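In what follows, a structure is listed as structure tokens, so that the remarks can point back to it.
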Amino acid sequence: MKTLLLIDIQNDFLPGGALAVPEGDVIVPIVNALLPRFELIVATQDWHPREHGSFAANHSGKNPGDIIDLDGLPQILWPVHCVQNTGGACFAPGLDTRRIARIFQKGADPRLDSYSGFFDNGHRRATGLAEFLRERRVAEISLAGLATDYCVKFTALDAAAEGFRVTLLENACRGVELHRGDVARALDEMRAAGVAVEVVV
């Protein structure tokens, strides 16, 4: 079954959002054009409580980009974003959500961040995505969304480690680039893990 996994295409990651990904809005029409090519559409959604430990605002004297220890894991601090039941957490306007079969929310535990759609960052708890796909006998998935160098990358790496054949649709993704070259390094890391990287037309 041809399956497309949409990663965090949410308002706060679009230009003007709390954690804007440059050109994040550009992927929306690309993704919409892809939908008819797939039988199963699944999406992930960042879904943070306001007190989430990854938010710089919740740590006195800390700023976005600083790194702290959060429940035993190194954690990059971010602006407050994708807070549960706020407009910033909603899917991008214009994104065709009618065929999304299931939404997997992540990042709801205030003590753990969750970049991947499959696990939290400590691999302490699964989201149920892998089981959902296996129940439907999905063997191969394609990925699109935000951001290439964080949630897309970690979802792709976990998908490959879980035994799925993974294709990253490169031009249907955009990256944060906190540091110059982050996207290129992420693509190299994914390729090294067996992820195919393609440009869709």
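Labels used: A, B, ... for chains in the order of the structure tokens, numbers from 1 for residues in each chain, and numbers from 1 for ligands as shown.
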
Write down as a PyMOL selection string the residues of chain A whose backbone DSSP state falls under strand (DSSP E). chain A and resi 3-7+40-46+67-70+73-76+100-106+140-146+165-174+196-198

Please identify the helix (DSSP H, G or I) residues within stretch 9-185 of chain A (assignment by DSSP from backbone atoms) and present them as a PyMOL selection string. chain A and resi 11-13+24-37+56-58+87-89+129-135+148-161+182-185

Which is closer to A:Lys2 than all the others in A:His81, A:Arg165, A:Arg125, A:Arg111, using only C-alpha atoms?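 Answer, going by the shortest atom-to-atom distance: A:Arg165.
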
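Distances from A:Ala184, A:Leu133, A:Leu77, A:Leu169 to A:Leu34 were compared using only C-alpha atoms, and the smallest one belongs to A:Leu169.
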
Point-to-point distance from atom CA of A:Pro74 to atom CA of A:Pro110, Å rounded to tenths: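 Atom CA of A:Pro110 lies at a distance of 14.4 Å from atom CA of A:Pro74.
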
Need the shell around A:Pro93: protein/DNA/RNA residues with any atom at most 10 Å away, counting only C-alpha atoms. Skip same-chain ones fewer than 4 positions apart. Format as a list in words?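 Selected residues are Ile9, Gln10, Asn11, Asp25, Val28 and Thr97 of chain A.
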
Set the distance at 9 Å and use only C-alpha atoms: which residues neighbour stretch 16-21 of chain A once local chain neighbours fewer than 6 positions away are removed? I'd like the list as a list in words. Gln10, Trp78, Pro79, Val80, His81, Cys82, Gly88, Leu146, Ala147, Arg174, Gly175, Val176 and Glu177 of chain A
